[in-house]
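Dropping protein_17.cif in here (mmCIF, C-alpha atoms):
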```
data_target
#
loop_
_atom_site.label_atom_id
_atom_site.label_comp_id
_atom_site.auth_asym_id
_atom_site.auth_seq_id
_atom_site.Cartn_x
_atom_site.Cartn_y
_atom_site.Cartn_z
CA MET A 2 126.32 38.17 138.39
CA THR A 3 127.99 39.59 141.49
CA ASP A 4 126.63 39.18 145.02
CA ALA A 5 125.60 42.82 144.99
CA GLN A 6 123.70 42.35 141.73
CA GLU A 7 121.92 39.27 143.09
CA THR A 8 120.99 41.18 146.21
CA ALA A 9 119.69 44.13 144.19
CA ALA A 10 117.67 41.83 141.96
CA ASP A 11 116.05 40.08 144.93
CA SER A 12 113.11 42.37 145.68
CA SER A 13 112.08 40.18 148.61
CA LEU A 14 115.02 41.58 150.58
CA ARG A 15 113.80 45.16 150.25
CA ILE A 16 111.60 47.11 152.61
CA THR A 17 108.48 47.94 150.60
CA GLY A 18 106.54 49.88 153.20
CA GLY A 19 109.09 52.55 153.96
CA ALA A 20 107.22 54.03 156.92
CA PRO A 21 109.12 56.69 158.84
CA PRO A 22 109.78 55.09 162.23
CA GLU A 23 108.56 56.64 165.45
CA ASP A 24 112.10 57.40 166.67
CA GLY A 25 113.28 58.97 163.41
CA GLY A 26 115.81 56.21 162.81
CA SER A 27 116.06 53.83 159.90
CA SER A 28 112.97 51.87 158.88
CA VAL A 29 115.26 48.98 157.90
CA THR A 30 115.99 46.54 160.69
CA GLU A 31 118.93 44.74 159.04
CA ALA A 32 122.29 46.31 158.24
CA PRO A 33 122.14 48.23 154.95
CA ILE A 34 123.71 46.51 151.94
CA PRO A 35 126.26 48.35 149.76
CA LEU A 36 125.08 48.62 146.18
CA LEU A 37 128.29 48.21 144.21
CA GLU A 38 127.32 47.46 140.60
CA PRO A 39 124.34 48.15 138.33
CA ARG A 40 122.27 45.04 137.68
CA GLU A 41 123.25 44.81 134.00
CA GLY A 42 126.70 46.33 134.46
CA ILE A 43 127.77 49.82 133.33
CA PRO A 44 126.12 50.62 129.98
CA PRO A 45 128.13 52.34 127.24
CA VAL A 46 127.74 56.10 126.99
CA ILE A 47 125.44 57.09 124.15
CA ALA A 48 127.34 59.66 122.06
CA ASP A 49 126.00 59.42 118.49
CA GLU A 50 122.65 59.67 116.74
CA ALA A 51 122.46 56.01 115.74
CA ALA A 52 122.94 54.77 119.31
CA LEU A 53 120.52 57.43 120.56
CA ALA A 54 117.85 56.21 118.14
CA GLU A 55 118.21 52.69 119.56
CA VAL A 56 117.81 54.01 123.12
CA ILE A 57 114.72 56.02 122.15
CA ALA A 58 113.12 52.92 120.62
CA ALA A 59 113.99 50.77 123.64
CA PHE A 60 112.62 53.25 126.18
CA ALA A 61 109.48 53.88 124.14
CA ALA A 62 108.86 50.10 124.18
CA GLY A 63 109.55 49.81 127.92
CA SER A 64 106.90 49.65 130.62
CA GLY A 65 106.11 51.54 133.79
CA PRO A 66 107.70 54.75 135.10
CA VAL A 67 111.09 55.93 133.88
CA ALA A 68 113.81 56.98 136.33
CA VAL A 69 115.62 60.14 135.19
CA ASP A 70 118.68 61.95 136.54
CA ALA A 71 121.17 64.49 135.21
CA GLU A 72 124.71 65.42 136.18
CA ARG A 73 125.94 69.02 135.92
CA ALA A 74 129.38 70.56 136.35
CA SER A 75 128.51 73.14 138.99
CA GLY A 76 131.59 74.89 140.27
CA TYR A 77 133.54 74.00 137.11
CA ARG A 78 131.58 75.29 134.11
CA TYR A 79 129.47 78.35 133.37
CA GLY A 80 125.74 77.78 133.78
CA GLN A 81 123.85 74.66 134.79
CA ARG A 82 123.78 72.58 131.61
CA ALA A 83 123.60 68.80 131.77
CA TYR A 84 126.75 66.81 131.00
CA LEU A 85 125.25 63.36 131.50
CA VAL A 86 121.67 62.11 131.48
CA GLN A 87 120.77 58.80 133.11
CA LEU A 88 117.56 56.86 132.54
CA ARG A 89 116.21 53.49 133.60
CA ARG A 90 112.95 51.79 132.67
CA GLN A 91 111.65 48.27 132.94
CA GLY A 92 112.23 46.47 129.66
CA ALA A 93 114.86 48.99 128.55
CA GLY A 94 117.47 48.80 131.29
CA THR A 95 119.74 51.76 132.03
CA ALA A 96 121.01 54.32 129.53
CA LEU A 97 123.75 56.91 129.98
CA ILE A 98 123.54 59.70 127.39
CA ASP A 99 126.14 62.37 126.63
CA PRO A 100 124.14 65.57 125.96
CA VAL A 101 127.27 67.30 124.67
CA ALA A 102 127.54 64.82 121.79
CA CYS A 103 123.73 64.54 121.53
CA PRO A 104 122.48 68.03 122.45
CA ASP A 105 118.90 67.55 121.19
CA LEU A 106 117.01 64.93 123.20
CA SER A 107 113.56 66.19 122.25
CA ALA A 108 112.81 62.94 120.40
CA LEU A 109 113.52 61.02 123.59
CA GLY A 110 111.34 63.42 125.55
CA GLU A 111 108.52 62.94 123.06
CA ALA A 112 108.90 59.15 123.21
CA LEU A 113 108.40 59.36 126.98
CA SER A 114 105.46 61.79 126.80
CA GLY A 115 102.65 60.50 129.00
CA VAL A 116 105.06 58.28 130.95
CA GLU A 117 105.61 59.11 134.61
CA TRP A 118 109.15 60.41 135.17
CA VAL A 119 110.72 59.64 138.53
CA LEU A 120 113.28 62.21 139.70
CA HIS A 121 114.85 63.03 143.04
CA ALA A 122 114.64 66.78 143.79
CA ALA A 123 113.08 67.38 140.39
CA THR A 124 113.31 71.17 140.41
CA GLN A 125 117.13 70.91 140.42
CA ASP A 126 117.30 68.84 137.23
CA LEU A 127 114.29 70.03 135.23
CA PRO A 128 115.90 73.30 134.02
CA CYS A 129 118.90 71.55 132.45
CA LEU A 130 116.68 68.78 131.05
CA ARG A 131 114.39 71.39 129.51
CA GLU A 132 117.40 72.92 127.73
CA ILE A 133 117.97 69.67 125.83
CA GLY A 134 114.33 69.06 124.98
CA MET A 135 113.26 66.77 127.82
CA VAL A 136 110.09 67.97 129.55
CA PRO A 137 107.89 65.58 131.56
CA THR A 138 104.12 65.49 131.33
CA ARG A 139 103.82 63.39 134.52
CA LEU A 140 106.17 63.33 137.50
CA PHE A 141 106.98 61.62 140.79
CA ASP A 142 109.56 63.42 142.94
CA THR A 143 111.05 61.03 145.50
CA GLU A 144 112.61 63.81 147.59
CA LEU A 145 109.31 65.69 147.88
CA ALA A 146 107.51 62.42 148.60
CA GLY A 147 109.98 61.84 151.43
CA ARG A 148 109.28 65.29 152.87
CA LEU A 149 105.54 64.79 152.75
CA SER A 150 105.94 61.36 154.35
CA GLY A 151 107.86 62.88 157.26
CA PHE A 152 111.31 61.41 156.71
CA PRO A 153 113.93 63.43 158.62
CA ARG A 154 116.61 62.96 155.92
CA VAL A 155 115.53 63.17 152.28
CA GLY A 156 118.78 63.03 150.28
CA LEU A 157 118.78 60.21 147.73
CA GLY A 158 121.37 58.16 149.63
CA ALA A 159 119.56 58.55 152.94
CA MET A 160 116.19 57.66 151.38
CA VAL A 161 117.49 54.58 149.57
CA GLU A 162 119.13 53.39 152.80
CA SER A 163 116.22 54.04 155.14
CA VAL A 164 113.47 52.84 152.77
CA LEU A 165 115.12 50.12 150.68
CA GLY A 166 118.06 49.03 152.84
CA PHE A 167 120.85 49.74 150.34
CA VAL A 168 123.85 52.09 150.54
CA LEU A 169 124.64 54.17 147.46
CA GLU A 170 128.14 55.48 146.89
CA LYS A 171 128.04 59.32 146.84
CA GLY A 172 131.73 60.03 146.38
CA HIS A 173 131.42 61.49 142.87
CA SER A 174 128.53 63.91 143.32
CA ALA A 175 130.72 67.03 143.07
CA VAL A 176 133.16 66.01 140.33
CA ASP A 177 133.62 67.82 137.01
CA TRP A 178 131.07 66.02 134.84
CA SER A 179 132.26 67.94 131.76
CA THR A 180 135.38 65.71 131.79
CA ARG A 181 135.74 63.58 128.68
CA PRO A 182 136.02 60.67 128.61
CA LEU A 183 134.16 60.11 131.88
CA PRO A 184 136.03 57.67 134.16
CA GLU A 185 134.41 54.28 134.75
CA PRO A 186 133.90 54.84 138.52
CA TRP A 187 131.92 58.00 137.73
CA LEU A 188 129.77 56.15 135.20
CA ARG A 189 129.12 53.39 137.74
CA TYR A 190 128.02 56.02 140.27
CA ALA A 191 125.77 57.67 137.68
CA ALA A 192 124.11 54.39 136.71
CA LEU A 193 123.49 53.49 140.35
CA ASP A 194 121.72 56.81 140.91
CA VAL A 195 118.80 55.57 138.78
CA GLU A 196 119.15 51.90 139.69
CA LEU A 197 116.59 51.97 142.51
CA LEU A 198 114.65 55.18 141.84
CA VAL A 199 111.52 53.36 140.65
CA ASP A 200 111.74 50.94 143.61
CA LEU A 201 111.97 53.97 145.91
CA ARG A 202 109.02 55.58 144.14
CA ASP A 203 106.87 52.47 144.63
CA ALA A 204 107.69 52.24 148.34
CA LEU A 205 107.02 55.94 148.91
CA GLU A 206 103.73 55.77 147.05
CA LYS A 207 102.59 53.04 149.42
CA GLU A 208 103.71 55.09 152.41
CA LEU A 209 101.97 58.24 151.19
CA ASP A 210 98.80 56.23 150.63
CA ARG A 211 99.06 54.71 154.12
CA GLN A 212 99.31 58.19 155.63
CA GLY A 213 96.46 59.58 153.52
CA LYS A 214 98.82 61.96 151.70
CA LEU A 215 98.99 60.47 148.22
CA GLU A 216 96.58 63.00 146.72
CA TRP A 217 98.62 65.82 148.30
CA ALA A 218 101.73 64.47 146.60
CA ARG A 219 100.00 64.18 143.25
CA GLN A 220 98.92 67.80 143.42
CA GLU A 221 102.50 68.84 144.27
CA PHE A 222 103.92 66.84 141.37
CA ASP A 223 101.35 68.30 138.96
CA ALA A 224 102.28 71.80 140.13
CA ILE A 225 105.96 71.16 139.38
CA VAL A 226 105.12 69.93 135.87
CA ALA A 227 102.86 72.93 135.19
CA ALA A 228 105.25 75.56 136.57
CA PRO A 229 106.72 77.87 133.89
CA PRO A 230 110.50 78.32 133.65
CA PRO A 231 111.70 80.82 136.28
CA GLU A 232 112.21 84.37 135.12
CA PRO A 233 115.80 85.69 135.02
CA ARG A 234 116.85 87.07 138.38
CA LYS A 235 116.84 90.87 138.61
CA ASP A 236 120.24 92.36 139.53
CA PRO A 237 121.94 88.98 140.14
CA TRP A 238 125.13 90.81 141.21
CA ARG A 239 123.35 91.70 144.46
CA ARG A 240 123.64 88.05 145.51
CA THR A 241 127.44 88.30 145.75
CA SER A 242 128.50 86.61 148.97
CA GLY A 243 129.55 89.18 151.57
CA MET A 244 127.36 91.98 150.18
CA HIS A 245 126.20 92.84 153.71
CA LYS A 246 129.58 94.55 154.23
CA VAL A 247 129.04 96.90 151.29
CA ARG A 248 127.16 100.04 152.40
CA ARG A 249 128.01 102.95 150.12
CA ARG A 250 126.52 103.35 146.64
CA ARG A 251 129.93 103.84 145.01
CA GLN A 252 131.05 100.57 146.54
CA LEU A 253 127.90 98.88 145.23
CA ALA A 254 128.79 100.15 141.77
CA VAL A 255 132.20 98.48 142.05
CA VAL A 256 130.56 95.18 142.96
CA ARG A 257 128.25 95.51 139.96
CA GLU A 258 131.06 96.31 137.50
CA LEU A 259 133.35 93.55 138.76
CA TRP A 260 130.51 91.01 138.83
CA GLN A 261 129.40 91.83 135.29
CA THR A 262 132.98 91.76 133.98
CA ARG A 263 133.57 88.41 135.68
CA ASP A 264 130.33 87.03 134.25
CA ARG A 265 131.26 87.98 130.68
CA ILE A 266 134.68 86.37 131.04
CA ALA A 267 133.23 83.22 132.65
CA GLN A 268 130.62 82.85 129.93
CA ARG A 269 133.18 83.33 127.16
CA ARG A 270 135.56 80.79 128.69
CA ASP A 271 132.77 78.43 129.84
CA ILE A 272 134.12 78.34 133.34
CA SER A 273 132.51 78.81 136.75
CA PRO A 274 132.56 82.53 137.70
CA GLY A 275 134.10 81.68 141.06
CA LYS A 276 137.15 80.28 139.26
CA VAL A 277 137.60 83.59 137.43
CA LEU A 278 137.38 85.81 140.53
CA SER A 279 136.03 85.02 143.97
CA ASP A 280 133.12 86.84 145.59
CA ALA A 281 135.43 87.68 148.49
CA ALA A 282 137.83 89.46 146.10
CA ILE A 283 134.98 91.46 144.58
CA VAL A 284 133.83 92.66 147.99
CA GLU A 285 137.41 93.40 149.02
CA ALA A 286 137.91 95.65 145.99
CA ALA A 287 134.55 97.36 146.55
CA LEU A 288 135.44 98.25 150.12
CA ALA A 289 138.94 99.47 149.24
CA LEU A 290 138.09 101.39 146.04
CA PRO A 291 141.69 101.04 144.73
CA GLY A 292 142.86 103.81 142.40
CA THR A 293 145.72 101.94 140.74
CA VAL A 294 146.67 98.44 139.60
CA HIS A 295 149.37 98.43 142.27
CA ALA A 296 146.83 99.14 145.00
CA LEU A 297 144.51 96.49 143.60
CA SER A 298 147.27 93.87 143.55
CA ALA A 299 147.77 94.32 147.29
CA LEU A 300 144.23 93.17 148.06
CA ASN A 301 143.24 89.61 148.96
CA GLY A 302 142.19 87.72 145.84
CA PHE A 303 144.36 89.81 143.50
CA GLY A 304 147.71 88.38 144.56
CA HIS A 305 151.00 87.56 142.91
CA ARG A 306 149.59 84.71 140.77
CA MET A 307 147.38 87.13 138.82
CA GLY A 308 148.98 88.52 135.66
CA ARG A 309 149.30 92.19 134.76
CA ARG A 310 146.66 91.95 132.02
CA GLN A 311 144.15 90.40 134.42
CA LEU A 312 144.82 93.06 137.03
CA GLU A 313 144.32 95.77 134.44
CA GLN A 314 140.91 94.42 133.39
CA TRP A 315 139.73 94.34 137.02
CA GLN A 316 141.11 97.82 137.66
CA ALA A 317 139.31 99.06 134.54
CA ALA A 318 136.04 97.78 136.03
CA VAL A 319 136.78 99.59 139.30
CA ASP A 320 137.63 102.77 137.35
CA ARG A 321 134.33 102.60 135.47
CA ALA A 322 132.48 102.48 138.78
CA ARG A 323 134.55 105.34 140.18
CA ALA A 324 133.69 107.49 137.13
CA LEU A 325 129.91 107.10 137.38
CA SER A 326 127.80 110.12 138.28
CA GLU A 327 125.72 110.03 141.45
CA ALA A 328 122.57 109.46 139.38
CA GLN A 329 124.12 106.36 137.78
CA LEU A 330 125.00 104.66 141.07
CA PRO A 331 122.86 101.71 142.19
CA GLN A 332 120.48 102.14 145.10
CA PRO A 333 121.42 100.45 148.38
CA GLY A 334 118.56 97.97 148.31
CA GLN A 335 116.34 96.27 145.78
CA PRO A 336 112.76 97.51 145.43
CA VAL A 337 110.60 95.64 147.91
CA THR A 338 107.63 93.98 146.22
CA GLY A 339 106.35 92.07 149.23
CA PRO A 340 106.10 92.54 152.98
CA PRO A 341 109.03 94.00 154.91
CA PRO A 342 111.28 91.68 156.94
CA PRO A 343 109.24 90.21 159.83
CA ARG A 344 111.65 91.63 162.41
CA ALA A 345 110.41 95.11 161.47
CA TRP A 346 106.70 94.29 161.79
CA ALA A 347 106.35 95.02 165.50
CA ASP A 348 107.38 98.65 164.91
CA LYS A 349 105.71 99.18 161.53
CA ASP A 350 102.42 97.38 162.16
CA PRO A 351 101.87 95.70 165.57
CA ALA A 352 98.55 94.23 164.42
CA ALA A 353 100.24 92.53 161.44
CA ALA A 354 102.96 91.23 163.77
CA ALA A 355 100.29 89.70 165.99
CA ARG A 356 98.62 88.06 163.00
CA LEU A 357 101.94 86.64 161.80
CA SER A 358 102.83 85.28 165.24
CA ALA A 359 99.47 83.53 165.50
CA ALA A 360 99.69 82.19 161.95
CA ARG A 361 103.20 80.83 162.44
CA ALA A 362 102.22 79.10 165.67
CA GLY A 363 99.15 77.58 164.04
CA VAL A 364 101.01 76.40 160.95
CA SER A 365 103.80 74.94 163.09
CA ALA A 366 101.36 72.99 165.25
CA LEU A 367 99.45 71.68 162.23
CA ALA A 368 102.64 70.66 160.41
CA GLU A 369 103.84 68.77 163.47
CA GLU A 370 100.47 67.04 163.76
CA LEU A 371 100.58 66.03 160.09
CA GLY A 372 104.24 64.97 160.21
CA LEU A 373 105.68 67.16 157.46
CA PRO A 374 107.86 70.29 157.22
CA GLN A 375 106.09 73.63 157.68
CA GLU A 376 107.36 74.93 154.33
CA ASN A 377 105.68 72.00 152.55
CA LEU A 378 102.41 72.61 154.33
CA ILE A 379 102.37 76.22 153.11
CA ALA A 380 105.05 78.53 151.73
CA PRO A 381 106.30 80.91 154.47
CA ASP A 382 106.16 83.81 151.99
CA THR A 383 102.46 83.13 151.44
CA VAL A 384 101.80 83.28 155.18
CA ARG A 385 103.68 86.60 155.43
CA ARG A 386 101.77 88.13 152.54
CA VAL A 387 98.39 87.03 153.89
CA CYS A 388 99.19 88.48 157.31
CA TRP A 389 100.66 91.75 156.02
CA GLU A 390 97.79 92.61 153.69
CA PRO A 391 95.01 90.48 155.13
CA PRO A 392 91.70 89.72 153.47
CA SER A 393 88.61 89.65 155.62
CA ALA A 394 88.80 86.94 158.26
CA ASP A 395 86.38 84.56 156.59
CA VAL A 396 86.86 81.27 154.82
CA GLU A 397 85.90 82.38 151.32
CA ALA A 398 88.25 85.36 151.32
CA VAL A 399 91.22 83.40 152.64
CA VAL A 400 90.62 80.57 150.16
CA GLY A 401 90.66 83.06 147.29
CA VAL A 402 93.88 84.69 148.45
CA LEU A 403 95.67 81.36 148.97
CA ARG A 404 94.71 80.17 145.51
CA GLY A 405 95.92 83.47 144.09
CA TYR A 406 99.33 82.85 145.65
CA GLY A 407 99.52 79.39 144.05
CA ALA A 408 98.68 77.20 147.05
CA ARG A 409 97.47 73.74 146.06
CA GLU A 410 93.96 72.63 146.98
CA TRP A 411 95.12 70.29 149.73
CA GLN A 412 97.07 73.16 151.30
CA VAL A 413 94.10 75.52 150.98
CA GLU A 414 91.83 73.02 152.71
CA LEU A 415 94.18 72.43 155.63
CA VAL A 416 95.61 75.91 156.19
CA THR A 417 92.53 78.08 155.70
CA PRO A 418 91.09 77.47 159.20
CA VAL A 419 94.48 78.28 160.76
CA LEU A 420 94.78 81.55 158.86
CA VAL A 421 91.17 82.58 159.47
CA ALA A 422 91.82 82.25 163.20
CA ALA A 423 95.18 84.08 162.94
CA LEU A 424 93.68 87.03 161.07
CA SER A 425 91.51 87.74 164.11
CA ALA A 426 94.53 87.93 166.45
CA LYS A 427 94.91 91.24 168.25
CA ALA A 428 98.09 93.16 168.96
CA PRO A 429 99.12 93.05 172.62
#
```

Mind converting the file's structure to structure tokens?
Amino acid sequence: MTDAQETAADSSLRITGGAPPEDGGSSVTEAPIPLLEPREGIPPVIADEAALAEVIAAFAAGSGPVAVDAERASGYRYGQRAYLVQLRRQGAGTALIDPVACPDLSALGEALSGVEWVLHAATQDLPCLREIGMVPTRLFDTELAGRLSGFPRVGLGAMVESVLGFVLEKGHSAVDWSTRPLPEPWLRYAALDVELLVDLRDALEKELDRQGKLEWARQEFDAIVAAPPPEPRKDPWRRTSGMHKVRRRRQLAVVRELWQTRDRIAQRRDISPGKVLSDAAIVEAALALPGTVHALSALNGFGHRMGRRQLEQWQAAVDRARALSEAQLPQPGQPVTGPPPPRAWADKDPAAAARLSAARAGVSALAEELGLPQENLIAPDTVRRVCWEPPSADVEAVVGVLRGYGAREWQVELVTPVLVAALSAKAP
């Protein structure tokens, strides 16, 4: 056993309280200890059904919460699928599973049904876990617990260092996890990501309980588990970086055609869309409206390294947009389903602007008093909606509206008095 393994195994050296210090610095008084190796070494990657069956049996027989993490290949591959799944549970050790070789992990998910899953920033990993059949019935999110506890830095590395006193290597977080075989340093990094997750969970639970926030956290975790999969985004091409430069409807049509062409190519080749054609190049072509391949090739992003066939497919997309009738062109903005941007409130509805100003001030003061971010106390969009189309300024009405917008009961209890007072604010 290495020195690092002995240190990791010695729980007496860890900080178990994890209280956020008054000055916002580390809650660990001694120098943090680099965590260099998993306690039992790097486990073999599970890549066949027989080995997977053994892992399922071991984790089903384990005890306590299970730490879960997933690695994606964002920026390299199309979509957000998982390319490695890491788990750790007492009595079972650590497992690294290749979901490419074992694409159906529903049996593992079922074996862990009723067990509390510990994830860091759960909403990032749950979609790709759901794709392979892993859906938790109970959850503890260490990042969200850190936010509710008032920690100023809630990344996994920062939390492990400030709460437990260990330093995790983060040098491989943005690598191409679709690489096969995965290099040993990457596998070591992946195993260490779940090495201390349950320890972190236990410390944060104690801290939440000390601050009187444990029930808040439980309601938040339950809400994440119960949330349905997000609906597909409407007109995703409108999120192209640099779209603010594109004003005319014909130019918007070019963005749409180029984006959709790029997306089809990226999906077919299983490659990140940005590696097919950059957002900047799409916007450049939309602004220029080139009429020929030669004109297109002179634009940034369509340079000399792009072949004639590629240039022709992009020019064909531009030509399709140029040929659309006026009725077929996209509208400049998406239909607004909620309140207008707050900067426009003073002109459109001064009374609503006054309500929003009072509500924001009240929420900010309460969040500071409670030691948590404003957005975790109540969603900013909920505050805007309540202030734009206000119910009557009484407790029962505000409670009903907040519940309708999905606020949890602890949020309703704390924020209702603030909003009741804000709804009575008068325009200057």

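This file gives the following result for the PyMOL selection byres ((chain A and resi 48) around 12): Pro45, Val46, Ile47, Asp49, Glu50, Ala51, Ala52, Leu53, Ala54, Glu55, Val56, Tyr84, Leu85, Val86, Ala96, Leu97, Ile98, Asp99, Pro100, Val101, Ala102, Cys103, Pro104, Asp105, Leu106, Arg181, Pro182 and Leu183 of chain A.
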
### Task
Would you kindly translate the PyMOL selection byres ((chain A and resi 188) around 10) into the concrete residues it picks from this file, as a ChimeraX atom specification?
/A:43-46,85,87,97,173,178,183-187,189-194

Produce a file of the selected residues containing C-alpha atoms, as a PDB file, in the coordinates of the input.
```pdb
ATOM      1  CA  ILE A  43     127.770  49.820 133.330  1.00  0.00           C
ATOM      2  CA  PRO A  44     126.120  50.620 129.980  1.00  0.00           C
ATOM      3  CA  PRO A  45     128.130  52.340 127.240  1.00  0.00           C
ATOM      4  CA  VAL A  46     127.740  56.100 126.990  1.00  0.00           C
ATOM      5  CA  LEU A  85     125.250  63.360 131.500  1.00  0.00           C
ATOM      6  CA  GLN A  87     120.770  58.800 133.110  1.00  0.00           C
ATOM      7  CA  LEU A  97     123.750  56.910 129.980  1.00  0.00           C
ATOM      8  CA  HIS A 173     131.420  61.490 142.870  1.00  0.00           C
ATOM      9  CA  TRP A 178     131.070  66.020 134.840  1.00  0.00           C
ATOM     10  CA  LEU A 183     134.160  60.110 131.880  1.00  0.00           C
ATOM     11  CA  PRO A 184     136.030  57.670 134.160  1.00  0.00           C
ATOM     12  CA  GLU A 185     134.410  54.280 134.750  1.00  0.00           C
ATOM     13  CA  PRO A 186     133.900  54.840 138.520  1.00  0.00           C
ATOM     14  CA  TRP A 187     131.920  58.000 137.730  1.00  0.00           C
ATOM     15  CA  ARG A 189     129.120  53.390 137.740  1.00  0.00           C
ATOM     16  CA  TYR A 190     128.020  56.020 140.270  1.00  0.00           C
ATOM     17  CA  ALA A 191     125.770  57.670 137.680  1.00  0.00           C
ATOM     18  CA  ALA A 192     124.110  54.390 136.710  1.00  0.00           C
ATOM     19  CA  LEU A 193     123.490  53.490 140.350  1.00  0.00           C
ATOM     20  CA  ASP A 194     121.720  56.810 140.910  1.00  0.00           C
TER      21      ASP A 194
END
```

### Query
For this file, the PyMOL selection byres ((chain A and resi 406) around 12) selects which residues, as a PyMOL selection string?
chain A and resi 379-387+399-405+407-410+412-413

### Task
Measuring atom to atom with all atoms listed in the file, identify which of A:Ala146, A:Val419, A:Leu130, A:Ile57 is nearest to Leu209 of chain A.
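Using all atoms listed in the file, Leu209 of chain A sits closest to A:Ala146.
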
### Task
Return the single residue from A:Leu415, A:Leu169, A:Ala359, A:Ala281 that is closest to Leu371 of chain A, with distances computed using only C-alpha atoms.
A:Leu415

### Message
At a cut-off of 12 Å, using all atoms listed in the file, what residues contact Arg356 of chain A? Leave out same-chain residues fewer than 6 positions from it and give the result as number ranges by chain.
### Response
A: 343, 346-347, 350, 362-363, 384-392, 394, 419-429

### Query
Which residue, A:Thr338, A:Thr95, A:Ser107, A:Ser326, has the smallest gap to Val136 of chain A when you use all atoms listed in the file?
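Distance minimum relative to Val136 of chain A lands on A:Ser107.
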
### Task
Quick one: pull the distance between atom CA of Glu41 of chain A and atom CA of Glu72 of chain A, Å, one decimal.
20.8 Å

### Task
Determine the nearest neighbour of Gly151 of chain A from the options A:Glu132, A:Asp223, A:Glu232, A:Glu370, counting all atoms listed in the file.
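Of A:Glu132, A:Asp223, A:Glu232, A:Glu370, the one nearest Gly151 of chain A, counting all atoms listed in the file, is A:Glu370.
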
### Message
Just checking: using all atoms listed in the file, which residue out of A:Leu120, A:Val364, A:Leu330, A:Leu149 ends up closest to Ala71 of chain A?
### Response
A:Leu120

### Query
So how many Å separate atom CA of Val226 of chain A and atom CA of Val199 of chain A, to one decimal?
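So the answer is 18.4 Å.
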
#### Entry: Among the residues A:Gly213, A:Gly302, A:Pro231, A:Gln252, the one that comes closest to Gly275 of chain A [using all atoms listed in the file]
A:Gly302

### Task
Quick one: pull the distance between atom CA of Arg250 of chain A and atom CA of Gln316 of chain A, Å, one decimal.
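Spanning atom CA of Arg250 of chain A to atom CA of Gln316 of chain A is a straight-line distance of 18.0 Å.
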
Find the spatial neighbours of Ala322 of chain A, counting all atoms listed in the file, within a cut-off of 10 Å - ignore same-chain residues fewer than 6 positions away - and output them as a compact mmCIF listing (two decimals) with C-alpha atoms, in the coordinates of the input.
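Result saved to selection-v9.txt:
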```txt
# COMPACT_ATOMS: atom_id res chain seq x y z
CA ARG A 250 126.52 103.35 146.64
CA ARG A 251 129.93 103.84 145.01
CA GLN A 252 131.05 100.57 146.54
CA LEU A 253 127.90 98.88 145.23
CA ALA A 254 128.79 100.15 141.77
CA VAL A 255 132.20 98.48 142.05
CA VAL A 256 130.56 95.18 142.96
CA ARG A 257 128.25 95.51 139.96
CA GLU A 258 131.06 96.31 137.50
CA LEU A 259 133.35 93.55 138.76
CA ALA A 287 134.55 97.36 146.55
CA LEU A 290 138.09 101.39 146.04
CA GLN A 316 141.11 97.82 137.66
CA GLN A 329 124.12 106.36 137.78
CA LEU A 330 125.00 104.66 141.07
```

How big is the axis-aligned box, and where does its centre sit, when it encloses all atoms of segment 99-108 of chain A listed in the file and has 5 Å added on every side, reported in Å to one decimal as JSON?
```
{"center_x": 120.2, "center_y": 65.2, "center_z": 123.5, "size_x": 24.7, "size_y": 15.7, "size_z": 16.2}
```

### Query
Which residues come within 8 Å of Ala74 of chain A, counting all atoms listed in the file, excluding same-chain residues fewer than 3 positions away, as a list in words?
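What passes the distance filter is Tyr77, Arg78, Gln81, Arg82, Ala83, Tyr84, Ala175, Val176, Asp177, Trp178 and Ser179 of chain A.
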
### Query
Which residues, written as number ranges by chain, have at least one atom at most 7 Å from Pro66 of chain A, with all atoms listed in the file counted and residues fewer than 4 positions away on the same chain left out?
A: 90, 116-119, 199
